[in-house]
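J.: Contents of structure31.txt (compact mmCIF, C-alpha atoms) are given next:
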```
# COMPACT_ATOMS: atom_id res chain seq x y z
CA MET A 1230 0.00 0.00 0.00
CA SER A 1231 1.31 3.46 -0.85
CA GLN A 1232 1.92 6.07 1.81
CA PRO A 1233 -0.67 8.81 2.39
CA LEU A 1234 -0.22 12.12 0.59
CA LEU A 1235 -0.07 15.37 2.56
CA VAL A 1236 -2.54 17.75 0.95
CA GLU A 1237 -3.17 21.42 1.67
CA LEU A 1238 -6.60 22.77 0.73
CA PHE A 1239 -7.56 26.42 0.53
CA LEU A 1240 -11.24 27.24 0.92
CA GLU A 1241 -12.64 30.75 0.70
CA ASN A 1242 -12.20 31.34 4.44
CA ALA A 1243 -10.29 28.28 5.68
CA ARG A 1244 -7.07 26.37 5.19
CA ILE A 1245 -6.94 22.62 5.74
CA ARG A 1246 -3.93 20.30 5.89
CA GLY A 1247 -4.42 16.56 6.08
CA LEU A 1248 -3.48 13.18 4.73
CA SER A 1249 -5.18 11.59 1.73
CA ASN A 1250 -5.32 7.83 1.30
CA GLN A 1251 -7.39 8.24 -1.86
CA VAL A 1252 -4.27 8.94 -3.90
CA GLU A 1253 -2.87 5.57 -4.90
CA GLU A 1254 -0.06 4.24 -7.06
CA ARG A 1255 -1.83 4.92 -10.36
CA ARG A 1256 -4.25 7.63 -9.22
CA ARG A 1257 -2.95 11.18 -8.84
CA LEU A 1258 -4.49 13.89 -6.66
CA VAL A 1259 -5.87 15.66 -9.74
CA ASP A 1260 -7.57 12.40 -10.79
CA VAL A 1261 -9.23 12.12 -7.36
CA LEU A 1262 -10.33 15.77 -7.43
CA ASN A 1263 -11.75 15.41 -10.97
CA ALA A 1264 -13.57 12.15 -10.16
CA ALA A 1265 -17.36 12.14 -9.82
CA GLU A 1266 -17.44 11.90 -6.00
CA GLU A 1267 -18.67 15.12 -4.41
CA ALA A 1268 -16.40 14.99 -1.35
CA PHE A 1269 -12.67 14.62 -0.77
CA HIS A 1270 -11.65 12.72 2.37
CA LEU A 1271 -8.73 13.72 4.60
CA ASP A 1272 -7.37 12.07 7.74
CA GLN A 1273 -5.55 13.91 10.53
CA GLY A 1274 -6.94 17.25 9.37
CA LYS A 1275 -5.79 20.56 10.77
CA VAL A 1276 -8.30 23.32 10.01
CA THR A 1277 -7.41 27.00 10.32
CA MET A 1278 -10.06 29.68 9.88
CA GLY A 1279 -8.83 33.25 9.80
CA ALA A 1280 -6.56 34.14 12.70
CA GLY A 1281 -8.09 31.58 15.07
CA GLU A 1282 -6.35 28.60 16.59
CA PRO A 1283 -6.14 25.51 14.33
CA ARG A 1284 -8.57 22.69 15.06
CA ASP A 1285 -7.48 19.08 14.79
CA LEU A 1286 -10.03 16.75 13.21
CA ALA A 1287 -9.33 13.02 12.98
CA ASN A 1288 -11.09 12.78 9.63
CA LEU A 1289 -13.22 15.02 7.50
CA ASN A 1290 -14.97 15.03 4.15
CA VAL A 1291 -14.50 18.28 2.28
CA GLU A 1292 -17.02 19.17 -0.42
CA LYS A 1293 -15.05 19.51 -3.66
CA ARG A 1294 -17.19 22.48 -4.71
CA ALA A 1295 -15.78 24.39 -1.68
CA ILE A 1296 -12.12 23.70 -2.52
CA VAL A 1297 -10.60 26.79 -4.18
CA ILE A 1298 -7.00 25.53 -4.44
CA ALA A 1299 -5.40 22.16 -3.62
CA ILE A 1300 -1.64 21.70 -3.21
CA PRO A 1301 -0.07 18.25 -2.86
CA HIS A 1302 3.05 18.05 -0.69
CA GLU A 1303 4.74 14.94 -2.06
CA THR A 1304 7.63 13.14 -0.43
CA TRP A 1305 10.76 12.32 -2.42
CA ASP A 1306 9.50 8.73 -2.87
CA GLN A 1307 6.10 9.94 -4.10
CA LEU A 1308 7.76 12.30 -6.60
CA ARG A 1309 9.96 9.47 -7.85
CA GLN A 1310 6.97 7.13 -8.15
CA ARG A 1311 5.01 9.73 -10.14
CA ALA A 1312 7.98 10.30 -12.48
CA MET A 1313 8.27 6.54 -13.07
CA LEU A 1314 4.55 6.33 -13.80
CA ARG A 1315 4.85 9.15 -16.37
CA MET A 1316 7.76 7.36 -18.05
CA THR A 1317 5.96 4.01 -18.26
CA MET A 1318 2.51 5.29 -19.20
CA GLY A 1319 3.62 8.25 -21.27
CA ALA A 1320 2.33 11.78 -21.06
CA THR A 1321 -0.34 13.38 -23.18
CA PRO A 1322 1.14 16.12 -25.39
CA THR A 1323 0.18 19.58 -24.22
CA LYS A 1324 0.82 23.22 -25.04
CA PRO A 1325 2.17 25.10 -21.98
CA ALA A 1326 0.66 28.53 -21.36
CA GLU A 1327 1.57 30.95 -18.58
CA ILE A 1328 -1.65 32.10 -16.93
CA THR A 1329 -2.85 34.14 -13.99
CA VAL A 1330 -6.10 33.07 -12.39
CA LEU A 1331 -8.25 35.14 -10.02
CA VAL A 1332 -10.08 32.83 -7.62
CA PRO A 1333 -11.26 35.12 -4.84
CA PRO A 1334 -9.79 35.71 -2.38
CA PHE A 1335 -6.64 34.27 -4.05
CA VAL A 1336 -4.56 34.81 -7.18
CA ALA A 1337 -2.80 31.80 -8.72
CA GLU A 1338 -0.04 32.04 -11.31
CA GLY A 1339 1.69 29.27 -13.21
CA THR A 1340 1.83 27.15 -16.32
CA ALA A 1341 -1.37 25.54 -17.56
CA HIS A 1342 -0.98 22.60 -19.90
CA LEU A 1343 -3.53 22.93 -22.69
CA PRO A 1344 -4.40 20.46 -25.45
CA PRO A 1345 -2.42 21.23 -28.65
CA SER A 1346 -5.74 21.73 -30.48
CA VAL A 1347 -6.32 24.96 -28.53
CA GLY A 1348 -3.94 26.90 -30.79
CA THR A 1349 -3.34 30.49 -29.77
CA LEU A 1350 -5.50 31.85 -27.02
CA ARG A 1351 -5.98 35.32 -28.51
CA GLY A 1352 -7.52 36.66 -25.33
CA ASN A 1353 -10.30 34.04 -25.36
CA LEU A 1354 -9.03 32.02 -22.43
CA HIS A 1355 -11.71 31.61 -19.80
CA ALA A 1356 -12.75 28.94 -17.34
CA ASN A 1357 -15.62 27.52 -19.38
CA THR A 1358 -13.89 27.04 -22.71
CA GLY A 1359 -14.34 23.28 -22.49
CA VAL A 1360 -10.56 23.03 -22.18
CA PHE A 1361 -10.27 22.57 -18.43
CA ASN A 1362 -11.38 19.75 -16.16
CA ARG A 1363 -13.14 20.53 -12.88
CA PHE A 1364 -9.70 21.17 -11.33
CA LEU A 1365 -7.13 22.67 -13.66
CA THR A 1366 -3.46 21.97 -13.12
CA LEU A 1367 -0.86 24.72 -12.75
CA THR A 1368 2.82 23.79 -12.60
CA ASP A 1369 5.67 26.00 -11.35
CA ALA A 1370 2.86 27.73 -9.52
CA LYS A 1371 2.52 30.57 -7.05
CA LEU A 1372 -0.50 31.20 -4.84
CA ILE A 1373 -0.91 34.76 -3.60
CA LEU A 1374 -2.85 34.88 -0.34
CA PRO A 1375 -5.21 37.72 0.68
CA ASN A 1376 -2.52 39.19 2.99
CA GLY A 1377 -0.10 39.46 0.03
CA SER A 1378 2.18 36.61 1.05
CA ALA A 1379 2.85 33.89 -1.51
CA ILE A 1380 3.23 30.12 -1.53
CA GLU A 1381 5.21 28.53 -4.33
CA ALA A 1382 4.59 24.92 -5.33
CA PRO A 1383 5.67 22.62 -8.14
CA VAL A 1384 2.00 21.90 -8.82
CA MET A 1385 -1.40 23.13 -7.63
CA PHE A 1386 -4.97 22.53 -8.69
CA VAL A 1387 -7.53 25.31 -9.16
CA ASN A 1388 -11.30 24.77 -8.99
CA ARG A 1389 -12.51 25.81 -12.45
CA ASP A 1390 -16.00 26.62 -11.15
CA LEU A 1391 -14.65 29.25 -8.73
CA ILE A 1392 -12.50 31.12 -11.27
CA ALA A 1393 -13.58 34.76 -11.58
CA ALA A 1394 -11.03 35.83 -14.22
CA MET A 1395 -8.09 34.50 -16.24
CA SER A 1396 -5.22 36.18 -18.01
CA SER A 1397 -2.44 34.94 -20.22
CA PRO A 1398 0.41 37.44 -19.61
CA ALA A 1399 2.39 36.30 -22.68
CA GLU A 1400 -0.57 36.92 -24.99
CA SER A 1401 -1.38 40.21 -23.25
CA ASN A 1402 2.21 41.38 -23.77
CA ALA A 1403 2.16 40.29 -27.44
CA LEU A 1404 -1.13 42.11 -28.06
CA ALA A 1405 0.24 45.24 -26.35
CA ARG A 1406 3.25 45.24 -28.71
CA ILE A 1407 0.94 44.94 -31.74
CA GLY A 1408 -1.47 47.65 -30.58
```
Spit out the file's structure as structure tokens when you get a sec.

T.:
Amino acid sequence: MSQPLLVELFLENARIRGLSNQVEERRRLVDVLNAAEEAFHLDQGKVTMGAGEPRDLANLNVEKRAIVIAIPHETWDQLRQRAMLRMTMGATPTKPAEITVLVPPFVAEGTAHLPPSVGTLRGNLHANTGVFNRFLTLTDAKLILPNGSAIEAPVMFVNRDLIAAMSSPAESNALARIG
């Protein structure tokens, strides 16, 4: 049996850290988040709301619709296992695009990996383009918190249904040079 994955969830007004046993050898966190189940289970949860003291909860089911951002904190062995899985199963070809996503009260920045069929975005990138799953993946990501501090992570997942606005800085800069 694989070891549990430490996951950090950001809700609109709460932050939860806990262990997920739903992530298995061939099932990544993004696969679990995008699955049909409505809730995501965590063990040994630590819930922080605002400036209050954290509460420890032995187990909790978090409604996926309430998750704004999810960040996996993988161990070295988990990273190695995921890399081996990618090598053996292959990766789907994608077109990387730098994006900034406003998901109140947060801002997330990073590289989205879009299907090659998307072509150029031309300012038409938005959450409901049919391009993104329920949780979109950002790599080399940065999460800007409401207080202005930032958390950097190799990967994070953003709830598509909570996205208020999206921007592709590279396309914005290219359009500015043309105009």

J.: Which value, in Å to one decimal, gives the distance between CA of Ala1287 (chain A) and CA of Val1261 (chain A)?

T.: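 Computing the Euclidean distance for CA of Ala1287 (chain A) and CA of Val1261 (chain A) yields 20.4 Å.
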
J.: Could you work out how far CA of Gly1339 (chain A) lies from CA of Ala1264 (chain A), giving the answer in Å with one decimal?

T.: 23.1 Å

J.: Find the distance between CA of Ala1295 (chain A) and CA of Leu1374 (chain A) and write it in Å to one decimal.

T.: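 If I compute the distance from CA of Ala1295 (chain A) to CA of Leu1374 (chain A), I get 16.7 Å.
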
J.: Quick one: of A:Ala1379, A:Leu1240, A:Ala1280, A:Leu1262, who's nearest to Leu1391 (chain A), counting all atoms listed in the file?

T.: A:Leu1240

J.: Would you kindly return, as JSON, numbers by chain, each protein, DNA or RNA residue with an atom no farther than 12 Å from any atom of Arg1244 (chain A), considering only C-alpha atoms and excluding same-chain residues fewer than 4 positions away?

T.: {"A": [1236, 1237, 1238, 1239, 1240, 1274, 1275, 1276, 1277, 1278, 1279, 1280, 1281, 1282, 1283, 1284, 1291, 1295, 1296, 1297, 1298, 1299, 1300, 1374]}

J.: Measuring atom to atom with only C-alpha atoms, identify which of A:Arg1363, A:Ser1396, A:Pro1345, A:Ala1370 is nearest to Arg1294 (chain A).

T.: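 Checking each of A:Arg1363, A:Ser1396, A:Pro1345, A:Ala1370 against Arg1294 (chain A), counting only C-alpha atoms, the winner is A:Arg1363.
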
J.: A:Asn1290, A:Asp1260, A:Glu1303, A:Val1360: which is nearest Phe1386 (chain A), counting only C-alpha atoms?

T.: A:Asp1260

J.: Nearest to Val1387 (chain A): which of A:Ala1268, A:Val1330, A:Leu1248, A:Leu1258 is it, counting only C-alpha atoms?

T.: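 Ranked by minimum distance to Val1387 (chain A), first place goes to A:Val1330.
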